Amino acid sequence: MRCAMGLIALTFLALVATAQDAAYAPSENPFQNEYDFSIGRVIPLKVDVQGVRLDTLTLMPSQAVEAGKPVRCEVELVGNNLTNGKVQLSTVLLLEDASSKGLVDGRLQLEAFKVKANRAFTQRLPVSIPGEVLNRAAKVYVLIQVGF
């Protein structure tokens, strides 16, 4: 009986581990995808780029959003480097209108950063965006290059 219960528990744990891994879709390097966008919305990425798991991306203003004024913002990228080596992540965001047309001044090239081997990360990167671009943005095209 104990052996059967142990086998059932082991099978359950294996299924949970597999389900968690399946939650991350494999992706080409660089990772590219378009998402619905709204200010402060947490965007679930859930992709694995050659052993680097990208969980979420959020663009948050640190001041009031007003048309005609630049707005200081912070982009937060959360993930986990499961590789045995240091990686460098380079990120570009393209803010788009509802028809997926890129907005003038909506291209955001973020500062590249490094993540040590086998480490989770939460990286916050500053950007400045015109208020009218933030107000018009309905989609964001995300491009993340992983360098080894």
# chains A, B, ... in the order shown; residues from 1 in each chain; ligands from 1
$ residues_around --residues "Asn135 (chain A)" --least-positions-apart "2" --cutoff "10 Å" --atoms "only C-alpha atoms" --output "VMD selection string"
chain A and resid 38 to 39 65 to 67 97 130 to 133 137 to 138
$ write_last_selection --atoms "C-alpha atoms" --output "mmCIF file, in the first residue's frame"
data_model
loop_
_atom_site.group_PDB
_atom_site.id
_atom_site.type_symbol
_atom_site.label_atom_id
_atom_site.label_comp_id
_atom_site.auth_asym_id
_atom_site.auth_seq_id
_atom_site.Cartn_x
_atom_site.Cartn_y
_atom_site.Cartn_z
ATOM 1 C CA SER A 38 -2.262 49.348 -21.773
ATOM 2 C CA ILE A 39 -0.268 51.450 -19.357
ATOM 3 C CA VAL A 65 0.829 60.908 -18.500
ATOM 4 C CA GLU A 66 0.159 64.180 -20.310
ATOM 5 C CA ALA A 67 0.038 64.752 -24.073
ATOM 6 C CA ASP A 97 -1.950 51.704 -32.478
ATOM 7 C CA PRO A 130 5.992 61.163 -25.272
ATOM 8 C CA GLY A 131 2.660 61.234 -23.440
ATOM 9 C CA GLU A 132 0.628 61.182 -26.654
ATOM 10 C CA VAL A 133 2.395 57.960 -27.710
ATOM 11 C CA ALA A 137 -0.645 52.819 -27.790
ATOM 12 C CA ALA A 138 -2.951 49.792 -27.950
#
$ residues_around --residues "Leu125 (chain A)" --least-positions-apart "3" --cutoff "12 Å" --atoms "only C-alpha atoms" --output "list in words"
Leu57, Thr58, Leu59, Met60, Pro61, Ser62, Arg72, Cys73, Glu74, Val75, Glu76, Leu77, Val78, Leu89, Ser90, Thr91, Val92, Leu108, Gln109, Leu110, Glu111, Ala112, Phe113, Thr122 and Ser128 of chain A
$ write_last_selection --atoms "N, CA and C atoms" --output "mmCIF file, in the first residue's frame"
data_model
loop_
_atom_site.group_PDB
_atom_site.id
_atom_site.type_symbol
_atom_site.label_atom_id
_atom_site.label_comp_id
_atom_site.auth_asym_id
_atom_site.auth_seq_id
_atom_site.Cartn_x
_atom_site.Cartn_y
_atom_site.Cartn_z
ATOM 1 N N LEU A 57 6.517 41.272 -18.723
ATOM 2 C CA LEU A 57 7.035 42.580 -19.093
ATOM 3 C C LEU A 57 5.970 43.598 -18.727
ATOM 4 N N THR A 58 6.383 44.694 -18.100
ATOM 5 C CA THR A 58 5.444 45.743 -17.701
ATOM 6 C C THR A 58 6.069 47.100 -17.987
ATOM 7 N N LEU A 59 5.295 48.015 -18.563
ATOM 8 C CA LEU A 59 5.733 49.393 -18.768
ATOM 9 C C LEU A 59 4.894 50.271 -17.841
ATOM 10 N N MET A 60 5.578 50.939 -16.883
ATOM 11 C CA MET A 60 4.880 51.727 -15.868
ATOM 12 C C MET A 60 5.394 53.165 -15.874
ATOM 13 N N PRO A 61 4.514 54.141 -16.016
ATOM 14 C CA PRO A 61 4.963 55.529 -15.904
ATOM 15 C C PRO A 61 5.257 55.861 -14.442
ATOM 16 N N SER A 62 6.246 56.719 -14.221
ATOM 17 C CA SER A 62 6.562 57.135 -12.854
ATOM 18 C C SER A 62 6.063 58.551 -12.592
ATOM 19 N N ARG A 72 8.521 60.003 -17.969
ATOM 20 C CA ARG A 72 9.510 59.030 -17.471
ATOM 21 C C ARG A 72 8.770 57.749 -17.098
ATOM 22 N N CYS A 73 9.295 56.649 -17.603
ATOM 23 C CA CYS A 73 8.680 55.343 -17.353
ATOM 24 C C CYS A 73 9.762 54.340 -16.961
ATOM 25 N N GLU A 74 9.279 53.200 -16.517
ATOM 26 C CA GLU A 74 10.158 52.097 -16.168
ATOM 27 C C GLU A 74 9.596 50.837 -16.829
ATOM 28 N N VAL A 75 10.464 50.116 -17.509
ATOM 29 C CA VAL A 75 10.079 48.830 -18.082
ATOM 30 C C VAL A 75 10.643 47.760 -17.171
ATOM 31 N N GLU A 76 9.782 46.863 -16.710
ATOM 32 C CA GLU A 76 10.217 45.771 -15.844
ATOM 33 C C GLU A 76 10.141 44.467 -16.624
ATOM 34 N N LEU A 77 11.269 43.764 -16.687
ATOM 35 C CA LEU A 77 11.345 42.464 -17.335
ATOM 36 C C LEU A 77 11.714 41.438 -16.274
ATOM 37 N N VAL A 78 10.887 40.405 -16.142
ATOM 38 C CA VAL A 78 11.085 39.372 -15.126
ATOM 39 C C VAL A 78 11.320 38.041 -15.819
ATOM 40 N N LEU A 89 20.781 40.350 -22.248
ATOM 41 C CA LEU A 89 19.469 40.547 -22.850
ATOM 42 C C LEU A 89 19.379 41.951 -23.426
ATOM 43 N N SER A 90 18.984 42.016 -24.687
ATOM 44 C CA SER A 90 18.763 43.295 -25.370
ATOM 45 C C SER A 90 17.295 43.341 -25.766
ATOM 46 N N THR A 91 16.617 44.429 -25.418
ATOM 47 C CA THR A 91 15.171 44.522 -25.615
ATOM 48 C C THR A 91 14.807 45.761 -26.417
ATOM 49 N N VAL A 92 13.886 45.581 -27.374
ATOM 50 C CA VAL A 92 13.308 46.686 -28.134
ATOM 51 C C VAL A 92 11.795 46.527 -28.050
ATOM 52 N N LEU A 108 11.277 51.934 -28.586
ATOM 53 C CA LEU A 108 12.024 52.042 -27.331
ATOM 54 C C LEU A 108 13.138 51.010 -27.313
ATOM 55 N N GLN A 109 14.368 51.467 -27.455
ATOM 56 C CA GLN A 109 15.528 50.582 -27.357
ATOM 57 C C GLN A 109 16.006 50.665 -25.917
ATOM 58 N N LEU A 110 15.892 49.573 -25.177
ATOM 59 C CA LEU A 110 16.268 49.556 -23.774
ATOM 60 C C LEU A 110 17.745 49.206 -23.623
ATOM 61 N N GLU A 111 18.313 49.639 -22.526
ATOM 62 C CA GLU A 111 19.712 49.328 -22.241
ATOM 63 C C GLU A 111 19.866 47.821 -22.028
ATOM 64 N N ALA A 112 20.871 47.235 -22.688
ATOM 65 C CA ALA A 112 21.138 45.802 -22.522
ATOM 66 C C ALA A 112 21.628 45.549 -21.100
ATOM 67 N N PHE A 113 21.338 44.353 -20.584
ATOM 68 C CA PHE A 113 21.805 43.989 -19.248
ATOM 69 C C PHE A 113 22.201 42.529 -19.219
ATOM 70 N N THR A 122 14.789 40.335 -12.051
ATOM 71 C CA THR A 122 13.766 41.362 -12.214
ATOM 72 C C THR A 122 14.548 42.620 -12.549
ATOM 73 N N SER A 128 12.029 57.196 -21.569
ATOM 74 C CA SER A 128 11.207 58.400 -21.644
ATOM 75 C C SER A 128 10.377 58.298 -22.920
#
$ select_by_dssp --residues "chain A" --states "strand (DSSP E)" --output "PyMOL selection string"
chain A and resi 25-26+31-36+42-49+52-61+70-81+87-96+102-109+113-115+119-130+139-147
$ residues_around --residues "Gln50 (chain A)" --least-positions-apart "4" --cutoff "12 Å" --atoms "only C-alpha atoms" --output "NGL selection string"
:A and (24-31 or 54 or 80-85 or 87 or 145-148)
$ write_last_selection --atoms "C-alpha atoms" --output "PDB file, in the first residue's frame"
ATOM      1  CA  TYR A  24       6.850  28.131 -21.245  1.00  0.00           C
ATOM      2  CA  ALA A  25       6.659  27.959 -25.021  1.00  0.00           C
ATOM      3  CA  PRO A  26       9.995  27.437 -26.773  1.00  0.00           C
ATOM      4  CA  SER A  27      11.043  30.451 -28.832  1.00  0.00           C
ATOM      5  CA  GLU A  28      13.558  31.384 -31.487  1.00  0.00           C
ATOM      6  CA  ASN A  29      16.338  33.804 -30.601  1.00  0.00           C
ATOM      7  CA  PRO A  30      15.516  36.658 -30.847  1.00  0.00           C
ATOM      8  CA  PHE A  31      12.071  36.322 -29.314  1.00  0.00           C
ATOM      9  CA  LEU A  54      10.981  35.282 -19.889  1.00  0.00           C
ATOM     10  CA  ASN A  80      15.103  33.293 -15.074  1.00  0.00           C
ATOM     11  CA  ASN A  81      18.426  32.328 -16.646  1.00  0.00           C
ATOM     12  CA  LEU A  82      18.514  28.528 -16.403  1.00  0.00           C
ATOM     13  CA  THR A  83      21.720  28.234 -18.453  1.00  0.00           C
ATOM     14  CA  ASN A  84      25.171  27.520 -17.019  1.00  0.00           C
ATOM     15  CA  GLY A  85      26.590  30.761 -18.398  1.00  0.00           C
ATOM     16  CA  VAL A  87      23.681  35.955 -20.802  1.00  0.00           C
ATOM     17  CA  GLN A 145      17.690  39.079 -28.121  1.00  0.00           C
ATOM     18  CA  VAL A 146      19.584  36.693 -25.833  1.00  0.00           C
ATOM     19  CA  GLY A 147      23.362  36.882 -26.235  1.00  0.00           C
ATOM     20  CA  PHE A 148      25.617  34.137 -24.936  1.00  0.00           C
TER      21      PHE A 148
END
$ atom_distance --atom1 "CA of Gly68 (chain A)" --atom2 "CA of Val42 (chain A)"
25.4 Å
$ select_by_dssp --residues "region 2-143 of chain A" --states "alpha helix (DSSP H)" --output "list in words"
Arg2, Cys3, Ala4, Met5, Gly6, Leu7, Ile8, Ala9, Leu10, Thr11, Phe12, Leu13, Ala14, Leu15, Val16, Ala17, Thr18, Ala19, Gln20, Asp21, Ala22, Gly131, Glu132, Val133, Leu134, Asn135 and Arg136 of chain A
$ closest_residue --among "A:Val47, A:Arg119, A:Ala64, A:Val127" --to "Arg107 (chain A)" --atoms "only C-alpha atoms"
A:Val127
$ closest_residue --among "A:Val71, A:Tyr141, A:Ala23, A:Ile129" --to "Leu95 (chain A)" --atoms "only C-alpha atoms"
A:Tyr141
$ closest_residue --among "A:Lys46, A:Lys69, A:Arg41, A:Lys86" --to "Asn118 (chain A)" --atoms "only C-alpha atoms"
A:Lys86
$ closest_residue --among "A:Arg53, A:Leu134, A:Ser100, A:Leu143" --to "Gly40 (chain A)" --atoms "only C-alpha atoms"
A:Leu134
